[in-house]
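> My questions all concern the structure below.
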Amino acid sequence: MTTATMMNAESAPQPDIRKPSAAVSTATPQRPRRANPLASTRVQSILLLFTLLGSWEAAVRVFKLPRHLVPPVSDIAVALWRGLATGPMAKDGFWYHGGVTLAEILLGFVIGSGIGLAIGIIVSQMPKVEALVEPYVAALQSVPKVAVAPIIVVWLGFGISSKVVIICLLTFFPVLVTSIAGFKAVDPDRIDLLRSLSATPWQIFRKAKFPSALPYVFAGLNMAAAFSVVGAVVGEFVGAQAGLGVLILQMEAQADTGGSFAVCVVLSVIGIALTSMLRRVQRRVLHWMPADASQRTVNA
Amino acid sequence: MTTATMMNAESAPQPDIRKPSAAVSTATPQRPRRANPLASTRVQSILLLFTLLGSWEAAVRVFKLPRHLVPPVSDIAVALWRGLATGPMAKDGFWYHGGVTLAEILLGFVIGSGIGLAIGIIVSQMPKVEALVEPYVAALQSVPKVAVAPIIVVWLGFGISSKVVIICLLTFFPVLVTSIAGFKAVDPDRIDLLRSLSATPWQIFRKAKFPSALPYVFAGLNMAAAFSVVGAVVGEFVGAQAGLGVLILQMEAQADTGGSFAVCVVLSVIGIALTSMLRRVQRRVLHWMPADASQRTVNA
Amino acid sequence: QNVRIMRVANTAAVNDPQQCFVTAGQSPRLNFYKSGGVDVEYVNMSSMTQALQSLRAGHVEFGPAVPGILLPAMAKDPSLDLVSVYKWLPRNANTIVVKPGSPIKTAADLAGKRIGVRSQGDAGVVITKTMLAELGLKDDKCEYIAIGDGAPAGAAIDNERVDAMVAFDTATARIELVGTKLRYVPLTPKFAQLGSGWMCVPRKMLKDERKNLVALFRGIAKSTIFSNANLDAGIDLHWSVYPESKPKGRTEEEARKELAFILKDRKNSWMRRPDDPDQRMGASSLAEWKANIEMAAESSKNPKLAEELGDPNRLFSNELIDEINAFDKQAIVEMAKSFKG
Amino acid sequence: MNTTLLEPSPARSAAGKSDYIRIEGLSKNFGAGNDGVLALKQIDCTIQQGSFVTIVGPSGCGKSTLLRILAGLLDYNVGNVMLDGQPIHGTRRDVGVVFQSSILLPWRTILDNVMLPAEVLGIDRKQARERAMQLLQMVRLEGFEHKLPRQLSGGMQQRASIARALLHDPKILLMDEPFGALDAMTRERMNIELQRIWMESGKTVVLITHSIPEAVFLGDKVFVMSPRPGTLERVLPIDLPRPRTMEVMSHPTFAAATASIRERFSHAASFD
Amino acid sequence: MNTTLLEPSPARSAAGKSDYIRIEGLSKNFGAGNDGVLALKQIDCTIQQGSFVTIVGPSGCGKSTLLRILAGLLDYNVGNVMLDGQPIHGTRRDVGVVFQSSILLPWRTILDNVMLPAEVLGIDRKQARERAMQLLQMVRLEGFEHKLPRQLSGGMQQRASIARALLHDPKILLMDEPFGALDAMTRERMNIELQRIWMESGKTVVLITHSIPEAVFLGDKVFVMSPRPGTLERVLPIDLPRPRTMEVMSHPTFAAATASIRERFSHAASFD
Ligand SMILES: Nc1ncnc2c1ncn2[C@@H]1O[C@H](COP(=O)(O)OP(=O)(O)OP(=O)(O)O)[C@@H](O)[C@H]1O
Ligand SMILES: Nc1ncnc2c1ncn2[C@@H]1O[C@H](COP(=O)(O)OP(=O)(O)OP(=O)(O)O)[C@@H](O)[C@H]1O
Ligand SMILES: [Mg+2]
Ligand SMILES: [Mg+2]
């Protein structure tokens with residue numbers, strides 16, 4: 001046995017060197033690997049989808065359910081197609097209204113969570129202010145913001161600004177609360193490490209506190225992303241000239257339930273896009289965390 | 001030095017024996033302890049509140065802002081008082097409408113999160129089904145459920161059932177998603193421990209998997225609690241005979257903005273009560289976790 | 001060329017082909033508005049109250065005035081200083097609808113029932129109260145349920161979640177458009193004689209933008225005459241301006257047929273009564289406003305309403321009417337009749 | 001099941017020399033085909049009933065894998081593993097395992113954690129509780145019964161997990177670096193305690209350790225394993241009198257044994 | 001700042017005997033009044049420049065507290081702590097600290113973690129990088145520079161934190177159980193390595209350990225502390241030749257010293 005071999009045993013990459021047993025455990029009994037088990041699950045998954053959609057369509061047709069109550073899948077597909085096959089400024093198309101809604105969501109999300117993060121940082125660097133403000137943050141974040149949406153529309157009108165403010169309100173709190181929690185949870189050892197090197201407060205913030213709090217901040221951002229879609233829809237329900245929420249109301253008024261389902265599909269796509277974009281940023285920024293570290297979001 | 005003294009050094013309770021340095025770190029420079037620093041912060045905090053409310057009132061009066069746009073605090077207080085000083089069945093009082101909304105929230109929360117947990121458990125005990133279903137759960141949870149609220153009201157009418165279903169939809173997904181994640185995150189070592197004792201699958205579930213997944217489940221329940229208030233309000237906005245959401249619209253219709261702020265206050269109280277009840281249950285069930293383990297919730 | 005955009009509060013929440021009585025002139029083919037240097041923009045909202053608040057906040061330039069809501073609001077809040085300058089529905093366009101088999105035969109049967117209204121802030125609530133008050137049923141005990149528009153409202157009537165619905169003809173028409181069968185219950189006699197819709201503007205605007213307002217309401221008057229003369233053309237023009245209001249579920253032919261059927265009678269609400277001594281488009285009368293005040297006082301259970309409002313002459317104004325009507329109506333009718341799609 | 005196990009059992013003297021555990025040509029591959037990892041290769045050995053075997057080897061050489069196979073937690077592909085004449089497939093009730101990490105259930109008190117095997121195996125609660133208290137006293141955790149695992153230091157947790165493994169008085173005790181989290185002084189004490197339990201109860205013990213002195217101090221035999229793929233490179237019998245005390249460390253046999261093992265792990269050998 | 005620190009520095013011989021660190025009547029109370037915890041009580045001692053002091057004592061006796069005071073991370077209430085004639089208040093740039101846990105920043109690669117002091121203290125990047133690579137090689141982490149901390153074992157992480165403490169070539173090195181997570185064999189190697197660095201560089205080293213043999217092996221003097229409230233019970237000078245090798249362990253002086261210390265931690269002493 002040579003030194004070299006011994007070193008190899010160490011430097012061979014292992015999933016998690018500190019806990020080799022974790023990797024072992026579920027391997028019993030060993031299943032024979034299929035050619036591509038993932039692909040086969042995916043195929044089954046897609047088959048399941050088509051079966052479900054097919055039986056939906058069949059049920060609607062066989063039981064002759066009224067279309068404006070339960071639209072057949074084909075209605076939704078047609079409405080989706082018609083909505084997408086429009087010019088970018090067509091007022092009856094998904095692009096125009098989707099664009100308005102997307103603009104509201106992005107603006108509201110960026111502004112709301114930006115302010116939330118900024119205040120979170122400021123507040124948590126000043127323990128006295130934090131103690132003072134904390135009970136009010138706790139109380140205010142319990143106010144159901146959607147309930148004040150009508151008032152905000154009265155204040156700011158029916159344009160994009162009232163929706164942006166509603167979304168800001170909805171996104172502000174999760175980011176504020178999680179970032180305060182994040183800064184509170186910074187391992188004091190890390191701060192001590194930097195103090196031991198005579199680091200300045202700004203260095204301590206930059207090199208230890210901020211990166212430590214980031215996973216919390218991202219948890220807040222994920223929640224905020226989900227809330228921002230909700231905010232846009234509710235805001236548009238309450239009063240708006242354009243946007244997918246308006247389109248839903250318009251279609252409901254014409255008993256075009258298939259159409260409003262199609263709009264829901266578009267909204268979901270926006271939600272999924274936003275979430276996965278955020279997740280990509282998160283994965284890049286938090287590349288140092290294990291991949292499974294709770295990458296969960298829920299849309300309301 | 002006796003054996004006894006040495007043992008004392010060990011058995012003396014310490015905040016966290018494994019990491020004594022964590023407790024030390026922020027103690028520099030040592031601040032002189034005041035008589036009761038917490039109480040003093042609380043006093044300051046309350047002073048701040050009164051200052052804020054006072055200047056709000058003053059601003060409204062001095063600048064003669066129209067009351068239906070910016071209600072003075074006194075209007076809100078009066079409306080709150082008037083709303084509370086009613087009989088339990090008075091249709092213009094907070095008790096009747098609040099009771100309806102609370103019933104919707106509780107029913108929807110319990111049913112929705114109950115089903116979410118049940119399906120989460122079933123699905124995660126069957127890896128094949130989980131793989132099959134997972135992409136759809138991911139896609140469906142991105143559908144903004146508030147957008148389908150109008151459709152559900154069409155289906156189920158203007159009574160309590162449509163709101164309960166909307167809340168179920170909103171609460172189902174966070175609980176489902178977090179409980180699936182929770183069961184996935186069970187330390188396989190714990191399962192191995194029980195397997196090494198020749199435990200049955202049911203024993204493994206009861207003694208290792210379920211308790212391990214509980215912190216995740218509670219994270220989902222907290223989110224669901226916040227969502228259930230949102231669901232009730234949105235559902236009532238879209239169409240209802242009674243409930244605090246209806247009251248808000250009615251008051252808005254009468255330009256009684258102070259009144260609708262008062263209703264928002266009531267809604268917040270319901271939200272806070274629900275959250276703190278849940279937190280109490282959580283603290284009891286998860287008593288074994290450190291207290292600071294992310295007890296955060298955010299209302300939309 | 002500078003075009004002044006005049007935003008209007010659309011309390012119908014969505015765009016609807018019946019608006020062709022206003023919107024037809026927006027089409028470049030008619031160009032009733034831009035020729036006068038103005039244009040109309042619809043701002044969708046869900047209730048009359050929201051419209052009043054938007055007028056006060058300046059989010060819109062003009063909006064519909066329903067006396068039953070407007071008058072109590074103005075009495076309560078002196079800063080809400082609106083003037084009704086154009087009567088756009090000279091006949092009563094309010095409707096009571098029930099399921100065809102319903103036991104409700106007259107307005108009196110509404111007492112104590114579950115009344116569907118579009119939203120909690122909708123005129124339906126005060127209209128019902130007004131009619132019941134006229135019948136002496138002052139303590140109505142009705143339950144008002146917001147059932148929205150179109151399909152949801154239709155489903156609510158169909159499934160008997162409400163006993164009747166009280167709303168503008170535009171709203172009930174849309175319910176019929178989605179395929180729900182309705183029976184119309186006659187309005188109470190005194191109320192039926194009243195006009196049902198005015199357009200109001202902030203008093204300040206009446207002073208500052210007189211010229212624009214004249215151009216605006218002249219455009220509306222022309223559009224109304226045009227669409228009344230050729231409804232098909234009016235609907236087509238509306239659809240060309242607001243494509244989102246074109247029904248997607250069925251063919252254009254079907255949709256137009258349905259609409260033509262529904263609007264056959266209703267289109268006349270927009271026109272002056274033949275027996276009306278004042279045939280000017282948009283003109284109001286003092287007598288009418290006194291009646292409005294009286295009814296609003298009863299429905300809002302505020303006997304002092306007239307006192308609080310003061311001089312009824314400040315509530316409306318005919319000062320623009322002559323200028324608005326300074327156009328050749330017959331020419332518009334000819335133009336409509338010869339209009340080719 | 002004999003629950004008064006701190007008493008000496010009759011096993012030791014009689015069956016002492018039989019081949020209790022017999023491993024023949026054992027290989028273990030993780031994953032399939034070429035991309036698999038060969039963790040164990042051609043292991044042949046026997047362990048006599050009532051004997052104390054210690055295993056040393058560099059990190060990742062497959063020590064835990066071997067132990068998991070003995071515990072019935074892991075299937076093997078090639079070879080035979082026999083226990084008392086029966087091939088091992090699946091777990092057994094008479095085996096106690098101390099895992100590399102202590103794996104206490106954080107929601108249970110220390111006492112309830114130690115009682116876990118009783119619950120699972122259906123042992124009478126009262127008897128089990130008594131025994132658990134005895135064991136906790138033995139590992140010097142008296143007074144900590146009602147504490148939660150997180151309130152204990154790593155070393156204390158590990159000691160609790162040792163008590164748990166002993167609760168149902170298993171005939172075979174498999175220990176994966178049980179003393180890793182203990183400080184040197186406690187470790188020495190626990191070694192002596194473990195030796196006492198083993199001598200009194202006649203259990204068969206297989207113990208993995210990173211500490212060469214510990215392996216020599218405890219073992220009847222020391223199994224020395226090579227780096228991955230793990231082979232059994234050498235079996236070193238330790239001929240030192242029992243019960244051994246710390247003084248044995250200055251014994252020339254002890255020095256020779258440690259030196260001989262250390263030599264294999266020469267220089268850069270076992271950085272972790 | 002001298003950045004080629006693996007070379008011997010001239011400090012050792014000349015200033016060797018001066019009282020570099022002087023602690024007089026030091027007491028430390030956590031919290032105020034009666035409900036406070038007296039962690040240190042009346043500590044008096046001196047540490048000479050360039051000397052190697054090791055500290056042993058039961059858990060919770062205040063070893064870490066003492067070290068944190070020396071590092072300037074913790075204020076003290078009573079007594080004087082002088083460094084080179086100046087009272088210690090606040091941190092200093094010429095001190096390197098190895099914490100009880102390795103405290104690597106998980107988002108930085110190992111190299112970037114080791115480079116942290118250079119960034120904070122504004123040392124030239126290129127020079128620092130070169131030195132970091134040298135240090136990583138010394139702690140046998142070459143090839144792991146660009147790995148993240150979580151990809152390394154606990155022992156490897158601890159070695160990285162030792163490299164970090166050395167980066168800015170501090171005159172004083174304070175180490176709180178630096179080898180706790182290392183297995184016995186690696187630990188022995190690191191002891192020898194540390195001795196080499198110290199001898200070559202002339203640093204003053206204060207090292208806390210739970211292992212009595214380690215304390216004796218490394219220290220010029222061993223400070224033995226009593227349980228809480230921590231007092232300095234005994235200062236044991238170790239008269240063994242340098243450089244010491246593993247063979248020293250069989251030296252009678254070594255045996256006598258360890259026995260004498262172990263005696264104090266008799267029996268139940270230091271279960272964690
Ligand atoms: N489930 C698994 N899948 C693939 N490889 C595995 C699995 N479990 C273990 N291995 C590999 O098998 C080898 C032996 O692992 P094992 O845990 O038995 O080592 P060990 O000797 O116990 O190491 P240590 O001393 O660090 O505990 C390692 O190279 C490891 O990476
Ligand atoms: N911030 C603090 N507040 C209160 N008590 C503290 C604080 N820090 C430490 N202590 C107490 O001071 C005593 C000494 O702690 P210290 O960490 O110095 O011990 P130690 O000797 O390093 O122990 P170990 O060997 O476990 O690391 C302990 O009893 C501890 O509980
Ligand atoms: Mg192992
Ligand atoms: Mg310490």
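Residues in the structure tokens are numbered from 1 in each chain, the chains being A, B, ... in the order shown, and ligands are numbered from 1 in the order shown.
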Just want the residues within 10 Å of ligand 3, written as a list of chain:residue names, counting only C-alpha atoms and all ligand atoms.

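Sorted by chain and then by number, the residues are A:Ile17, A:Arg18, A:Lys19, A:Pro20, A:Ser21, D:Gly57, D:Pro58, D:Ser59, D:Gly60, D:Cys61, D:Gly62, D:Lys63, D:Ser64, D:Thr65, D:Leu66, D:Leu67, D:Arg68, D:Phe99, D:Gln100, D:Ser101, D:Asp176, D:Glu177, D:Ile208, D:Thr209, D:His210.
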
> As a PyMOL selection string, which residues of region 153-228 of chain E does DSSP assign to helix (DSSP H, G or I)?

chain E and resi 154-167+184-201+212-218

> Looking at E:Pro87, E:Gly96, E:Gly31, E:Gly155, which one is nearest to ligand 1, with distances taken over only C-alpha atoms and all ligand atoms?

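Among the listed residues, E:Gly155 lies closest to ligand 1.
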
> Write out as a PyMOL selection string the residues lying within 8 Å of Leu73 (chain D), counting only C-alpha atoms and excluding same-chain residues fewer than 2 positions away.

(chain A and resi 25+28) or (chain B and resi 192+195-196) or (chain D and resi 68-71+75+90-91)

> Can those selected residues be exported to a file as a compact mmCIF listing (two decimals), in the first residue's frame so that it contains N, CA and C atoms?


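Written file, part.txt:
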# COMPACT_ATOMS: atom_id res chain seq x y z
N SER A 25 -28.14 4.21 2.82
CA SER A 25 -29.35 3.69 3.44
C SER A 25 -30.49 3.25 2.53
N THR A 28 -31.29 -0.30 -0.30
CA THR A 28 -31.69 -1.68 -0.05
C THR A 28 -33.18 -1.82 -0.16
N ASP B 192 -33.06 3.77 8.98
CA ASP B 192 -32.15 2.64 9.18
C ASP B 192 -32.13 2.21 10.64
N ARG B 195 -35.13 0.19 11.08
CA ARG B 195 -34.99 -1.07 10.35
C ARG B 195 -34.07 -2.01 11.12
N SER B 196 -33.01 -1.45 11.70
CA SER B 196 -32.06 -2.32 12.41
C SER B 196 -32.74 -3.02 13.58
N ARG D 68 -22.85 -2.69 7.99
CA ARG D 68 -24.25 -2.62 7.58
C ARG D 68 -24.71 -3.95 6.98
N ILE D 69 -23.80 -4.60 6.31
CA ILE D 69 -24.15 -5.93 5.77
C ILE D 69 -24.37 -6.91 6.92
N LEU D 70 -23.49 -6.85 7.92
CA LEU D 70 -23.64 -7.73 9.08
C LEU D 70 -24.96 -7.44 9.80
N ALA D 71 -25.36 -6.17 9.81
CA ALA D 71 -26.59 -5.79 10.50
C ALA D 71 -27.83 -6.18 9.70
N ASP D 75 -27.96 -5.28 1.31
CA ASP D 75 -27.79 -6.55 0.61
C ASP D 75 -26.40 -6.61 -0.01
N GLY D 90 -31.72 -9.58 5.67
CA GLY D 90 -32.64 -8.80 6.49
C GLY D 90 -32.12 -8.69 7.92
N THR D 91 -32.81 -7.82 8.66
CA THR D 91 -32.35 -7.52 10.01
C THR D 91 -32.78 -8.61 10.98

> Give the answer as one residue: which of C:Ala215, C:Glu307, C:Ser285, C:Lys129 has the shortest atom-to-atom distance to Ile5 (chain C), using only C-alpha atoms?

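Distance minimum relative to Ile5 (chain C) lands on C:Ala215.
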
> Mind dumping a table of every chain E residue within 8 Å of chain A, with the nearest atom pair and its distance in Å to one decimal, using only C-alpha atoms, sorted by chain and rising number, as CSV?


residue,atom,partner,partner_atom,distance
E:Ala71,CA,A:Ser196,CA,6.7
E:Gly72,CA,A:Ser196,CA,7.5
E:Leu73,CA,A:Ser196,CA,6.6
E:Thr91,CA,A:Ser198,CA,5.6
E:Arg92,CA,A:Ser198,CA,6.3
E:Arg93,CA,A:Leu197,CA,6.0
E:Val95,CA,A:Ser196,CA,7.8
E:Gly96,CA,A:Ser196,CA,7.7
E:Val97,CA,A:Ser196,CA,7.0
E:Ile103,CA,A:Arg190,CA,6.3
E:Leu105,CA,A:Arg190,CA,7.5
E:Pro106,CA,A:Trp288,CA,6.5
E:Trp107,CA,A:Trp288,CA,5.0
E:Arg108,CA,A:Trp288,CA,7.7
E:Pro117,CA,A:Leu197,CA,6.4
E:Val120,CA,A:Ala199,CA,5.9
E:Leu121,CA,A:Leu197,CA,7.3
E:Leu148,CA,A:Trp288,CA,6.8
E:Arg150,CA,A:Asp16,CA,7.6
E:Gln151,CA,A:Asp16,CA,6.2
E:Leu152,CA,A:Ile17,CA,6.3
E:Ser153,CA,A:Arg18,CA,4.8
E:Gly154,CA,A:Arg18,CA,6.5

> Those residues with C-alpha atoms, as a PDB file, in the first residue's frame please?


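Output saved as result14.pdb:
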ATOM      1  CA  ALA E  71      -8.106  37.524  21.454  1.00  0.00           C
ATOM      2  CA  GLY E  72      -9.771  40.777  22.482  1.00  0.00           C
ATOM      3  CA  LEU E  73     -13.195  39.400  21.586  1.00  0.00           C
ATOM      4  CA  THR E  91      -8.866  42.855  18.732  1.00  0.00           C
ATOM      5  CA  ARG E  92      -5.388  43.107  17.240  1.00  0.00           C
ATOM      6  CA  ARG E  93      -4.131  42.485  13.746  1.00  0.00           C
ATOM      7  CA  VAL E  95      -3.264  37.682  16.491  1.00  0.00           C
ATOM      8  CA  GLY E  96      -4.478  34.569  14.736  1.00  0.00           C
ATOM      9  CA  VAL E  97      -7.394  32.632  16.197  1.00  0.00           C
ATOM     10  CA  ILE E 103     -16.244  28.506  11.159  1.00  0.00           C
ATOM     11  CA  LEU E 105     -17.826  30.642   5.395  1.00  0.00           C
ATOM     12  CA  PRO E 106     -19.860  28.083   3.448  1.00  0.00           C
ATOM     13  CA  TRP E 107     -20.188  30.235   0.315  1.00  0.00           C
ATOM     14  CA  ARG E 108     -16.462  30.594  -0.164  1.00  0.00           C
ATOM     15  CA  PRO E 117      -7.657  37.592   6.539  1.00  0.00           C
ATOM     16  CA  VAL E 120      -9.894  42.073   5.624  1.00  0.00           C
ATOM     17  CA  LEU E 121      -6.403  43.276   6.469  1.00  0.00           C
ATOM     18  CA  LEU E 148     -16.627  24.283  -0.867  1.00  0.00           C
ATOM     19  CA  ARG E 150     -19.432  21.298   2.839  1.00  0.00           C
ATOM     20  CA  GLN E 151     -17.588  19.052   0.404  1.00  0.00           C
ATOM     21  CA  LEU E 152     -14.886  18.443   3.008  1.00  0.00           C
ATOM     22  CA  SER E 153     -14.950  16.293   6.101  1.00  0.00           C
ATOM     23  CA  GLY E 154     -14.948  17.884   9.527  1.00  0.00           C
TER      24      GLY E 154
END

> With only C-alpha atoms considered, list every residue of chain A at most 7 Å from chain B, as a ChimeraX atom specification.

/A:22,25-26,41,44-45,69,131-132,141-147,155,170,173-174,188-189,192,227,229-230,233,264,267-268,271-272,298-300

> Do a neighbour search on Gly114 (chain A) at 10 Å with only C-alpha atoms, toss out local chain neighbours closer than 3 positions, and write the hits as a PDB file with N, CA and C atoms, in the first residue's frame.


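around-v4.pdb written:
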ATOM      1  N   GLY A 108     -44.013  45.677  -9.356  1.00  0.00           N
ATOM      2  CA  GLY A 108     -44.423  45.537  -7.958  1.00  0.00           C
ATOM      3  C   GLY A 108     -43.477  44.652  -7.178  1.00  0.00           C
ATOM      4  N   PHE A 109     -43.080  43.563  -7.803  1.00  0.00           N
ATOM      5  CA  PHE A 109     -42.183  42.622  -7.131  1.00  0.00           C
ATOM      6  C   PHE A 109     -40.837  43.274  -6.833  1.00  0.00           C
ATOM      7  N   VAL A 110     -40.277  43.917  -7.852  1.00  0.00           N
ATOM      8  CA  VAL A 110     -38.947  44.506  -7.671  1.00  0.00           C
ATOM      9  C   VAL A 110     -38.985  45.628  -6.633  1.00  0.00           C
ATOM     10  N   ILE A 111     -39.979  46.516  -6.769  1.00  0.00           N
ATOM     11  CA  ILE A 111     -40.040  47.647  -5.842  1.00  0.00           C
ATOM     12  C   ILE A 111     -40.359  47.158  -4.430  1.00  0.00           C
ATOM     13  N   LEU A 117     -36.301  44.488   1.504  1.00  0.00           N
ATOM     14  CA  LEU A 117     -34.927  44.076   1.813  1.00  0.00           C
ATOM     15  C   LEU A 117     -34.143  45.243   2.410  1.00  0.00           C
ATOM     16  N   ALA A 118     -34.290  46.416   1.792  1.00  0.00           N
ATOM     17  CA  ALA A 118     -33.540  47.581   2.274  1.00  0.00           C
ATOM     18  C   ALA A 118     -33.898  47.888   3.725  1.00  0.00           C
ATOM     19  N   ILE A 119     -35.205  47.946   3.998  1.00  0.00           N
ATOM     20  CA  ILE A 119     -35.614  48.252   5.379  1.00  0.00           C
ATOM     21  C   ILE A 119     -35.190  47.131   6.312  1.00  0.00           C
ATOM     22  N   GLY A 120     -35.299  45.892   5.818  1.00  0.00           N
ATOM     23  CA  GLY A 120     -34.855  44.764   6.631  1.00  0.00           C
ATOM     24  C   GLY A 120     -33.396  44.912   7.032  1.00  0.00           C
ATOM     25  N   CYS A 168     -46.703  45.734  -4.251  1.00  0.00           N
ATOM     26  CA  CYS A 168     -45.635  46.162  -3.332  1.00  0.00           C
ATOM     27  C   CYS A 168     -46.008  45.807  -1.896  1.00  0.00           C
ATOM     28  N   THR A 171     -45.687  42.100  -1.388  1.00  0.00           N
ATOM     29  CA  THR A 171     -44.336  41.529  -1.448  1.00  0.00           C
ATOM     30  C   THR A 171     -43.423  42.109  -0.375  1.00  0.00           C
ATOM     31  N   PHE A 172     -43.746  43.303   0.072  1.00  0.00           N
ATOM     32  CA  PHE A 172     -42.890  43.980   1.044  1.00  0.00           C
ATOM     33  C   PHE A 172     -42.715  43.154   2.316  1.00  0.00           C
ATOM     34  N   VAL A 175     -40.589  39.745   2.424  1.00  0.00           N
ATOM     35  CA  VAL A 175     -39.150  39.986   2.291  1.00  0.00           C
ATOM     36  C   VAL A 175     -38.612  40.674   3.545  1.00  0.00           C
ATOM     37  N   LEU A 176     -39.367  41.631   4.062  1.00  0.00           N
ATOM     38  CA  LEU A 176     -38.931  42.311   5.279  1.00  0.00           C
ATOM     39  C   LEU A 176     -38.787  41.313   6.430  1.00  0.00           C
ATOM     40  N   LEU A 221     -38.277  36.094  -0.980  1.00  0.00           N
ATOM     41  CA  LEU A 221     -38.488  36.469  -2.375  1.00  0.00           C
ATOM     42  C   LEU A 221     -39.380  35.455  -3.084  1.00  0.00           C
TER      43      LEU A 221
END

> Would you mind listing, as a PyMOL selection string, all residues of chain C that have at least one atom within 8 Å of chain A, where only C-alpha atoms are what counts?

chain C and resi 13-15+42-46+50+53-54+57+59+149-152+174+177-178+242-245+247-249

> I want to know what sits within 12 Å of Glu247 (chain D), based on only C-alpha atoms, with residues of the same chain fewer than 3 positions away left out; could you give that as an NGL selection string?

(:D and (188 or 192 or 217 or 240-244 or 250-252 or 254-255)) or (:E and (255 or 259))

> Filtering to N, CA and C atoms, could you give me those residues as a compact mmCIF listing (two decimals), in the first residue's frame?


# COMPACT_ATOMS: atom_id res chain seq x y z
N GLU D 188 -11.28 6.97 27.03
CA GLU D 188 -10.55 5.93 27.78
C GLU D 188 -11.48 5.24 28.77
N ILE D 192 -12.95 1.12 28.85
CA ILE D 192 -12.89 0.20 29.97
C ILE D 192 -14.28 -0.32 30.31
N PHE D 217 -6.32 -1.91 22.13
CA PHE D 217 -6.72 -2.02 23.52
C PHE D 217 -7.93 -2.93 23.69
N LEU D 240 -3.10 -9.95 24.80
CA LEU D 240 -2.88 -9.21 26.04
C LEU D 240 -3.89 -9.72 27.05
N PRO D 241 -3.51 -9.75 28.31
CA PRO D 241 -4.41 -10.31 29.31
C PRO D 241 -5.65 -9.44 29.53
N ARG D 242 -6.76 -10.08 29.93
CA ARG D 242 -8.00 -9.38 30.27
C ARG D 242 -8.20 -9.46 31.76
N PRO D 243 -8.90 -8.55 32.38
CA PRO D 243 -9.30 -7.26 31.82
C PRO D 243 -8.09 -6.34 31.63
N ARG D 244 -8.09 -5.64 30.51
CA ARG D 244 -6.97 -4.73 30.26
C ARG D 244 -7.25 -3.39 30.93
N SER D 250 1.57 0.60 28.08
CA SER D 250 3.03 0.61 28.13
C SER D 250 3.62 -0.80 27.95
N HIS D 251 2.72 -1.77 27.74
CA HIS D 251 3.14 -3.16 27.50
C HIS D 251 3.84 -3.24 26.14
N PRO D 252 4.94 -3.99 26.04
CA PRO D 252 5.66 -4.08 24.75
C PRO D 252 4.79 -4.68 23.64
N PHE D 254 1.66 -4.30 23.24
CA PHE D 254 0.79 -3.21 22.80
C PHE D 254 1.53 -2.31 21.83
N ALA D 255 2.72 -1.89 22.26
CA ALA D 255 3.53 -0.99 21.43
C ALA D 255 3.82 -1.63 20.08
N ALA E 255 5.35 10.25 30.66
CA ALA E 255 4.42 9.41 31.41
C ALA E 255 4.09 10.05 32.75
N ALA E 259 0.40 11.31 33.80
CA ALA E 259 -0.18 10.67 34.98
C ALA E 259 -0.57 11.71 36.01

> Looking at only C-alpha atoms, which of E:His146, E:Arg264, E:Arg189, E:Arg228 is the one that sits closest to chain D?

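Ranking E:His146, E:Arg264, E:Arg189, E:Arg228 by distance to chain D, first place goes to E:Arg189.
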
> Take CA of Ser102 (chain E) and CA of Arg159 (chain E) and report the distance between them in Å, one decimal.

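Result for CA of Ser102 (chain E) versus CA of Arg159 (chain E): 8.3 Å, one decimal.
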
> Name the residues of region 100-298 of chain C that come out as strand (DSSP E or B) in a backbone DSSP run; write them as a PyMOL selection string.

chain C and resi 114-117+143-146+164-168+183-185+197-202

> Show which residues sit within 12 Å of Ile21 (chain D), as a ChimeraX atom specification. Count only C-alpha atoms, and ignore same-chain residues fewer than 4 positions away.

/D:17,44-51,53,69-71,80-88,172,204-206
